[in-house]
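Enquirer: Below is one structure. I have some questions about it.
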Amino acid sequence: WIKDTTKLWINGDIDDATFVNGIQFLINEGIIVIPPTAQGSSDSAEIPSWIKDTAKLWINGDIDDATFVNGIQFLIKEGIISLS
């Protein structure tokens, strides 16, 4: 269902904030495991367009889970996704 939610986001059926909240929940619950990552802080919740492109490749099976996780790590480092 993680890929289903990501697909909804890519298609514009859910907004960035909803996608980020879903990813935060999955990380905090240990469903998505992210290697230790320095967490940044940001007032912006805007997700760069290349993350959406990467997510689309992941959903289509063109890249592996680790590559998708690298994109999530970027969002954490930039403070777009915050972990508790």
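In the structure tokens, the first chain shown is A, the next is B, and so on; residue numbers restart at 1 for each chain, and ligands run from 1 in the order shown.
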Need the shell around Val33 (chain A): protein/DNA/RNA residues with any atom at most 12 Å away, counting only C-alpha atoms. Skip same-chain ones fewer than 5 positions apart. Format as a list in words?

Expert: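 Using only C-alpha atoms, the neighbours found are Ile23, Gln24, Phe25, Leu26, Ile27, Asn28, Asp65, Ala66, Phe68, Val69, Asn70, Ile72, Gln73 and Leu83 of chain A.
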
Enquirer: For the residues in that selection, give me C-alpha atoms as a PDB file, in the first residue's frame.

Expert:
ATOM      1  CA  ILE A  23       5.904   8.750   4.914  1.00  0.00           C
ATOM      2  CA  GLN A  24       6.585  10.165   8.403  1.00  0.00           C
ATOM      3  CA  PHE A  25       4.100   7.706   9.895  1.00  0.00           C
ATOM      4  CA  LEU A  26       5.652   4.757   8.051  1.00  0.00           C
ATOM      5  CA  ILE A  27       9.152   5.720   9.194  1.00  0.00           C
ATOM      6  CA  ASN A  28       8.097   6.335  12.800  1.00  0.00           C
ATOM      7  CA  ASP A  65      13.889   0.459  -2.888  1.00  0.00           C
ATOM      8  CA  ALA A  66      17.318   1.764  -1.816  1.00  0.00           C
ATOM      9  CA  PHE A  68      13.796   5.560  -3.417  1.00  0.00           C
ATOM     10  CA  VAL A  69      14.981   5.650   0.203  1.00  0.00           C
ATOM     11  CA  ASN A  70      17.823   7.964  -0.872  1.00  0.00           C
ATOM     12  CA  ILE A  72      13.394  10.136   1.372  1.00  0.00           C
ATOM     13  CA  GLN A  73      16.729  10.721   3.143  1.00  0.00           C
ATOM     14  CA  LEU A  83      11.115  12.353  12.467  1.00  0.00           C
TER      15      LEU A  83
END

Enquirer: So, with only C-alpha atoms as the atoms that count, which of A:Leu75, A:Ile59, A:Ala45, A:Ile2 lies closest to Ala17 (chain A)?

Expert: A:Ala45

Enquirer: Find the residues around Lys77 (chain A) up to 10 Å (only C-alpha atoms counted), leave out those fewer than 4 positions away in its own chain, and share them as a PDB file with C-alpha atoms, in the first residue's frame.

Expert:
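Below you can see around22.pdb, which holds the result:
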ATOM      1  CA  THR A  37      20.240  10.544   8.692  1.00  0.00           C
ATOM      2  CA  ALA A  38      21.007  14.036   9.983  1.00  0.00           C
ATOM      3  CA  GLN A  39      17.720  15.871  10.220  1.00  0.00           C
ATOM      4  CA  GLY A  40      17.495  19.418   8.934  1.00  0.00           C
ATOM      5  CA  SER A  41      14.912  22.077   9.574  1.00  0.00           C
ATOM      6  CA  SER A  42      12.886  23.937   7.002  1.00  0.00           C
ATOM      7  CA  GLY A  71      15.170  10.446  -1.975  1.00  0.00           C
ATOM      8  CA  ILE A  72      13.394  10.136   1.372  1.00  0.00           C
ATOM      9  CA  GLN A  73      16.729  10.721   3.143  1.00  0.00           C
ATOM     10  CA  ILE A  81      10.191  15.286   6.560  1.00  0.00           C
ATOM     11  CA  SER A  82      10.719  15.415  10.308  1.00  0.00           C
TER      12      SER A  82
END

Enquirer: Just list as a VMD selection string whatever in region 3-81 of chain A DSSP marks as alpha helix (DSSP H).

Expert: chain A and resid 3 to 10 16 to 28 49 to 59 65 to 77

Enquirer: Deliver the residues from the most recent selection as a file, using C-alpha atoms, as a PDB file, in the first residue's frame.

Expert:
ATOM      1  CA  LYS A   3       3.327   2.252  -3.504  1.00  0.00           C
ATOM      2  CA  ASP A   4      -0.430   2.847  -3.847  1.00  0.00           C
ATOM      3  CA  THR A   5      -0.190   5.980  -1.689  1.00  0.00           C
ATOM      4  CA  THR A   6       2.856   7.145  -3.620  1.00  0.00           C
ATOM      5  CA  LYS A   7       0.965   6.629  -6.878  1.00  0.00           C
ATOM      6  CA  LEU A   8      -1.912   8.773  -5.581  1.00  0.00           C
ATOM      7  CA  TRP A   9       0.612  11.522  -4.807  1.00  0.00           C
ATOM      8  CA  ILE A  10       2.280  11.286  -8.228  1.00  0.00           C
ATOM      9  CA  ASP A  16       2.566  16.987  -0.722  1.00  0.00           C
ATOM     10  CA  ALA A  17       1.617  17.444   2.934  1.00  0.00           C
ATOM     11  CA  THR A  18      -0.513  14.292   2.951  1.00  0.00           C
ATOM     12  CA  PHE A  19       2.274  12.316   1.267  1.00  0.00           C
ATOM     13  CA  VAL A  20       4.865  13.613   3.759  1.00  0.00           C
ATOM     14  CA  ASN A  21       2.587  12.776   6.705  1.00  0.00           C
ATOM     15  CA  GLY A  22       2.160   9.244   5.367  1.00  0.00           C
ATOM     16  CA  ILE A  23       5.904   8.750   4.914  1.00  0.00           C
ATOM     17  CA  GLN A  24       6.585  10.165   8.403  1.00  0.00           C
ATOM     18  CA  PHE A  25       4.100   7.706   9.895  1.00  0.00           C
ATOM     19  CA  LEU A  26       5.652   4.757   8.051  1.00  0.00           C
ATOM     20  CA  ILE A  27       9.152   5.720   9.194  1.00  0.00           C
ATOM     21  CA  ASN A  28       8.097   6.335  12.800  1.00  0.00           C
ATOM     22  CA  SER A  49       9.998  17.757  -8.575  1.00  0.00           C
ATOM     23  CA  TRP A  50      12.840  15.268  -9.013  1.00  0.00           C
ATOM     24  CA  ILE A  51      11.584  13.379  -5.932  1.00  0.00           C
ATOM     25  CA  LYS A  52       8.277  12.819  -7.711  1.00  0.00           C
ATOM     26  CA  ASP A  53      10.175  11.612 -10.794  1.00  0.00           C
ATOM     27  CA  THR A  54      12.171   9.204  -8.616  1.00  0.00           C
ATOM     28  CA  ALA A  55       8.978   7.955  -6.956  1.00  0.00           C
ATOM     29  CA  LYS A  56       7.422   7.283 -10.361  1.00  0.00           C
ATOM     30  CA  LEU A  57      10.467   5.239 -11.402  1.00  0.00           C
ATOM     31  CA  TRP A  58      10.191   3.286  -8.124  1.00  0.00           C
ATOM     32  CA  ILE A  59       6.509   2.529  -8.623  1.00  0.00           C
ATOM     33  CA  ASP A  65      13.889   0.459  -2.888  1.00  0.00           C
ATOM     34  CA  ALA A  66      17.318   1.764  -1.816  1.00  0.00           C
ATOM     35  CA  THR A  67      17.268   4.443  -4.501  1.00  0.00           C
ATOM     36  CA  PHE A  68      13.796   5.560  -3.417  1.00  0.00           C
ATOM     37  CA  VAL A  69      14.981   5.650   0.203  1.00  0.00           C
ATOM     38  CA  ASN A  70      17.823   7.964  -0.872  1.00  0.00           C
ATOM     39  CA  GLY A  71      15.170  10.446  -1.975  1.00  0.00           C
ATOM     40  CA  ILE A  72      13.394  10.136   1.372  1.00  0.00           C
ATOM     41  CA  GLN A  73      16.729  10.721   3.143  1.00  0.00           C
ATOM     42  CA  PHE A  74      17.153  13.918   1.133  1.00  0.00           C
ATOM     43  CA  LEU A  75      13.747  15.121   2.368  1.00  0.00           C
ATOM     44  CA  ILE A  76      14.811  14.389   5.950  1.00  0.00           C
ATOM     45  CA  LYS A  77      18.139  16.206   5.535  1.00  0.00           C
TER      46      LYS A  77
END
